[in-house]
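Below is one structure, written out as structure tokens; comments come after it.
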Amino acid sequence: MGIRLRDVELTISDLFLPSFNILHLSDFHLTGKNHKIENALKREAYKNDYDLIFLTGDLVDNDKGIDPLINYLSLLKSRYGSFCVW
């Protein structure tokens, strides 16, 4: 399993929007505690202030992944909310 972290800046010239800092997390496939994911989140995600957080699909692969997922995500904060698609 690899972890890919990317910063992407999008400019939409026809829209007047303030600058937003968005975090998108996806495809953890947790089957229990995962030190790679935990360390990546601590290193990158927990140190930033986000306006929105999006979580998309395949976050857990079995029941043993639920508690670690809750622990990881409980530390994330966003100004306008977090949204998840299971």
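Residue numbering restarts at 1 for every chain of the structure tokens, chains are lettered A, B, ... in their displayed order, and ligands are numbered from 1 as they appear.
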Item to check | strand (DSSP E) residues, from DSSP on the backbone, in chain A, as a ChimeraX atom specification | outcome: /A:22-26,52-56,82-85
Next, the residues of the selection above should be written as a short mmCIF file (atom, residue, chain, number, x, y, z; two decimals), in the first residue's frame with all heavy atoms.
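Written output follows (selection_27.cif):
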```
data_model
loop_
_atom_site.label_atom_id
_atom_site.label_comp_id
_atom_site.auth_asym_id
_atom_site.auth_seq_id
_atom_site.Cartn_x
_atom_site.Cartn_y
_atom_site.Cartn_z
N ILE A 22 -8.80 22.77 1.23
CA ILE A 22 -9.63 21.56 1.24
C ILE A 22 -8.74 20.33 1.39
O ILE A 22 -7.71 20.22 0.73
CB ILE A 22 -10.45 21.44 -0.06
CG1 ILE A 22 -11.40 22.64 -0.18
CG2 ILE A 22 -11.23 20.13 -0.09
CD1 ILE A 22 -12.09 22.73 -1.51
N LEU A 23 -9.16 19.41 2.24
CA LEU A 23 -8.48 18.13 2.41
C LEU A 23 -9.39 17.04 1.85
O LEU A 23 -10.57 16.98 2.20
CB LEU A 23 -8.19 17.86 3.89
CG LEU A 23 -7.60 16.50 4.22
CD1 LEU A 23 -6.21 16.35 3.61
CD2 LEU A 23 -7.55 16.30 5.73
N HIS A 24 -8.84 16.20 0.98
CA HIS A 24 -9.58 15.06 0.44
C HIS A 24 -8.84 13.80 0.84
O HIS A 24 -7.66 13.63 0.54
CB HIS A 24 -9.67 15.16 -1.09
CG HIS A 24 -10.27 13.96 -1.70
ND1 HIS A 24 -9.65 13.25 -2.70
CD2 HIS A 24 -11.43 13.30 -1.45
CE1 HIS A 24 -10.40 12.23 -3.04
NE2 HIS A 24 -11.48 12.24 -2.29
N LEU A 25 -9.53 12.90 1.54
CA LEU A 25 -8.96 11.62 1.96
C LEU A 25 -9.78 10.50 1.35
O LEU A 25 -11.01 10.57 1.30
CB LEU A 25 -9.01 11.50 3.49
CG LEU A 25 -8.27 12.56 4.28
CD1 LEU A 25 -8.60 12.45 5.77
CD2 LEU A 25 -6.77 12.42 4.07
N SER A 26 -9.09 9.44 0.91
CA SER A 26 -9.81 8.36 0.24
C SER A 26 -9.03 7.05 0.32
O SER A 26 -7.81 7.04 0.46
CB SER A 26 -9.99 8.76 -1.23
OG SER A 26 -10.72 7.77 -1.92
N LEU A 52 -12.76 22.79 4.42
CA LEU A 52 -13.63 21.64 4.15
C LEU A 52 -12.79 20.37 4.13
O LEU A 52 -11.63 20.39 3.71
CB LEU A 52 -14.31 21.77 2.79
CG LEU A 52 -15.33 22.89 2.63
CD1 LEU A 52 -15.68 23.05 1.15
CD2 LEU A 52 -16.58 22.57 3.43
N ILE A 53 -13.41 19.27 4.55
CA ILE A 53 -12.77 17.96 4.45
C ILE A 53 -13.74 17.03 3.73
O ILE A 53 -14.92 16.96 4.09
CB ILE A 53 -12.41 17.39 5.83
CG1 ILE A 53 -11.37 18.29 6.53
CG2 ILE A 53 -11.88 15.96 5.70
CD1 ILE A 53 -11.05 17.87 7.95
N PHE A 54 -13.24 16.33 2.72
CA PHE A 54 -14.03 15.34 1.99
C PHE A 54 -13.39 13.98 2.17
O PHE A 54 -12.17 13.82 2.00
CB PHE A 54 -14.08 15.67 0.50
CG PHE A 54 -14.79 16.96 0.20
CD1 PHE A 54 -14.08 18.07 -0.23
CD2 PHE A 54 -16.15 17.07 0.37
CE1 PHE A 54 -14.72 19.27 -0.49
CE2 PHE A 54 -16.81 18.26 0.11
CZ PHE A 54 -16.09 19.36 -0.33
N LEU A 55 -14.20 12.99 2.52
CA LEU A 55 -13.76 11.61 2.67
C LEU A 55 -14.54 10.79 1.66
O LEU A 55 -15.78 10.83 1.67
CB LEU A 55 -14.06 11.11 4.09
CG LEU A 55 -13.48 11.98 5.19
CD1 LEU A 55 -14.31 11.91 6.44
CD2 LEU A 55 -12.07 11.53 5.46
N THR A 56 -13.84 10.08 0.80
CA THR A 56 -14.55 9.34 -0.24
C THR A 56 -14.12 7.89 -0.27
O THR A 56 -12.94 7.58 -0.43
CB THR A 56 -14.32 9.98 -1.63
OG1 THR A 56 -12.93 10.03 -1.90
CG2 THR A 56 -14.89 11.38 -1.70
N SER A 82 -17.15 18.48 7.52
CA SER A 82 -16.54 17.32 6.89
C SER A 82 -17.66 16.50 6.27
O SER A 82 -18.72 16.33 6.87
CB SER A 82 -15.81 16.47 7.93
OG SER A 82 -14.79 17.22 8.54
N PHE A 83 -17.40 16.00 5.09
CA PHE A 83 -18.43 15.27 4.33
C PHE A 83 -17.84 13.93 3.88
O PHE A 83 -16.73 13.87 3.37
CB PHE A 83 -18.88 16.08 3.13
CG PHE A 83 -19.43 17.43 3.54
CD1 PHE A 83 -18.58 18.52 3.66
CD2 PHE A 83 -20.77 17.58 3.85
CE1 PHE A 83 -19.07 19.76 4.07
CE2 PHE A 83 -21.26 18.79 4.27
CZ PHE A 83 -20.41 19.89 4.38
N CYS A 84 -18.64 12.88 4.06
CA CYS A 84 -18.16 11.53 3.77
C CYS A 84 -19.13 10.80 2.85
O CYS A 84 -20.35 10.87 3.02
CB CYS A 84 -18.00 10.76 5.07
SG CYS A 84 -17.38 9.09 4.85
N VAL A 85 -18.57 10.09 1.88
CA VAL A 85 -19.32 9.15 1.04
C VAL A 85 -18.71 7.78 1.31
O VAL A 85 -17.52 7.57 1.06
CB VAL A 85 -19.18 9.51 -0.45
CG1 VAL A 85 -19.89 8.47 -1.30
CG2 VAL A 85 -19.73 10.90 -0.71
#
```
Next on the checklist: Residues near Ile66 of chain A, anyone? I mean within 10 Å using only C-alpha atoms, not counting same-chain ones fewer than 4 positions away, as an NGL selection string.
Outcome noted: :A and (30-33 or 59-62 or 70-71)
Requested write-out: N, CA and C atoms of the selected residues, as an mmCIF file, in the first residue's frame:
```cif
data_model
loop_
_atom_site.group_PDB
_atom_site.id
_atom_site.type_symbol
_atom_site.label_atom_id
_atom_site.label_comp_id
_atom_site.auth_asym_id
_atom_site.auth_seq_id
_atom_site.Cartn_x
_atom_site.Cartn_y
_atom_site.Cartn_z
ATOM 1 N N LEU A 30 -8.890 0.264 5.677
ATOM 2 C CA LEU A 30 -8.414 -0.145 6.993
ATOM 3 C C LEU A 30 -8.962 -1.506 7.397
ATOM 4 N N THR A 31 -8.069 -2.336 7.915
ATOM 5 C CA THR A 31 -8.432 -3.625 8.493
ATOM 6 C C THR A 31 -7.961 -3.692 9.940
ATOM 7 N N GLY A 32 -7.591 -2.567 10.475
ATOM 8 C CA GLY A 32 -7.060 -2.419 11.830
ATOM 9 C C GLY A 32 -6.221 -1.156 11.853
ATOM 10 N N LYS A 33 -5.444 -1.010 12.905
ATOM 11 C CA LYS A 33 -4.590 0.167 13.023
ATOM 12 C C LYS A 33 -3.537 0.140 11.909
ATOM 13 N N LEU A 59 -12.982 3.398 3.046
ATOM 14 C CA LEU A 59 -12.230 3.795 4.229
ATOM 15 C C LEU A 59 -11.913 2.598 5.123
ATOM 16 N N VAL A 60 -12.829 1.632 5.218
ATOM 17 C CA VAL A 60 -12.564 0.416 5.995
ATOM 18 C C VAL A 60 -12.894 -0.802 5.144
ATOM 19 N N ASP A 61 -12.156 -1.877 5.390
ATOM 20 C CA ASP A 61 -12.425 -3.134 4.687
ATOM 21 C C ASP A 61 -13.107 -4.166 5.572
ATOM 22 N N ASN A 62 -13.047 -3.977 6.883
ATOM 23 C CA ASN A 62 -13.760 -4.872 7.797
ATOM 24 C C ASN A 62 -14.011 -4.146 9.114
ATOM 25 N N ILE A 70 -12.197 5.994 13.275
ATOM 26 C CA ILE A 70 -12.800 7.001 14.153
ATOM 27 C C ILE A 70 -11.714 7.782 14.889
ATOM 28 N N ASN A 71 -10.700 7.087 15.388
ATOM 29 C CA ASN A 71 -9.606 7.762 16.088
ATOM 30 C C ASN A 71 -8.856 8.723 15.165
#
```
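Among the residues of chain A, backbone DSSP assigns alpha helix (DSSP H) to His35, Lys36, Ile37, Glu38, Asn39, Ala40, Ile66, Asp67, Pro68, Leu69, Ile70, Asn71, Tyr72, Leu73 and Ser74 of chain A.
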Please save N, CA, C and O atoms of the selected residues as a compact mmCIF listing (two decimals), in the first residue's frame.
```txt
# COMPACT_ATOMS: atom_id res chain seq x y z
N HIS A 35 -0.15 2.19 10.83
CA HIS A 35 0.83 3.20 11.23
C HIS A 35 1.22 4.13 10.08
O HIS A 35 1.51 5.30 10.32
N LYS A 36 1.22 3.64 8.86
CA LYS A 36 1.56 4.51 7.71
C LYS A 36 0.52 5.62 7.55
O LYS A 36 0.87 6.78 7.36
N ILE A 37 -0.74 5.25 7.62
CA ILE A 37 -1.81 6.24 7.50
C ILE A 37 -1.79 7.19 8.69
O ILE A 37 -1.88 8.41 8.54
N GLU A 38 -1.65 6.64 9.88
CA GLU A 38 -1.63 7.47 11.09
C GLU A 38 -0.48 8.48 11.03
O GLU A 38 -0.67 9.67 11.30
N ASN A 39 0.70 8.04 10.65
CA ASN A 39 1.85 8.94 10.57
C ASN A 39 1.68 9.99 9.48
O ASN A 39 2.05 11.15 9.66
N ALA A 40 1.13 9.60 8.34
CA ALA A 40 0.90 10.56 7.26
C ALA A 40 -0.10 11.62 7.69
O ALA A 40 0.08 12.81 7.41
N ILE A 66 -12.91 0.06 11.86
CA ILE A 66 -13.81 1.14 12.27
C ILE A 66 -13.22 1.98 13.40
O ILE A 66 -13.18 3.20 13.32
N ASP A 67 -12.77 1.34 14.47
CA ASP A 67 -12.24 2.11 15.61
C ASP A 67 -11.00 2.93 15.23
O ASP A 67 -10.92 4.11 15.59
N PRO A 68 -10.03 2.36 14.50
CA PRO A 68 -8.90 3.19 14.09
C PRO A 68 -9.34 4.36 13.21
O PRO A 68 -8.84 5.48 13.37
N LEU A 69 -10.29 4.13 12.31
CA LEU A 69 -10.78 5.22 11.46
C LEU A 69 -11.37 6.35 12.31
O LEU A 69 -11.06 7.52 12.09
N ILE A 70 -12.20 5.99 13.27
CA ILE A 70 -12.80 7.00 14.15
C ILE A 70 -11.71 7.78 14.89
O ILE A 70 -11.78 9.01 14.99
N ASN A 71 -10.70 7.09 15.39
CA ASN A 71 -9.61 7.76 16.09
C ASN A 71 -8.86 8.72 15.16
O ASN A 71 -8.55 9.85 15.56
N TYR A 72 -8.55 8.29 13.96
CA TYR A 72 -7.82 9.15 13.02
C TYR A 72 -8.64 10.37 12.65
O TYR A 72 -8.14 11.50 12.66
N LEU A 73 -9.89 10.16 12.32
CA LEU A 73 -10.72 11.25 11.81
C LEU A 73 -11.18 12.21 12.91
O LEU A 73 -11.46 13.38 12.63
N SER A 74 -11.23 11.74 14.15
CA SER A 74 -11.67 12.61 15.24
C SER A 74 -10.69 13.76 15.47
O SER A 74 -11.06 14.78 16.06
```
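Neighbouring residues of Asp51 of chain A at 6 Å or closer, counting only C-alpha atoms and skipping chain neighbours under 2 positions away, are A:Phe20, A:Asn21, A:Ile22, A:Ser78, A:Arg79, A:Tyr80.
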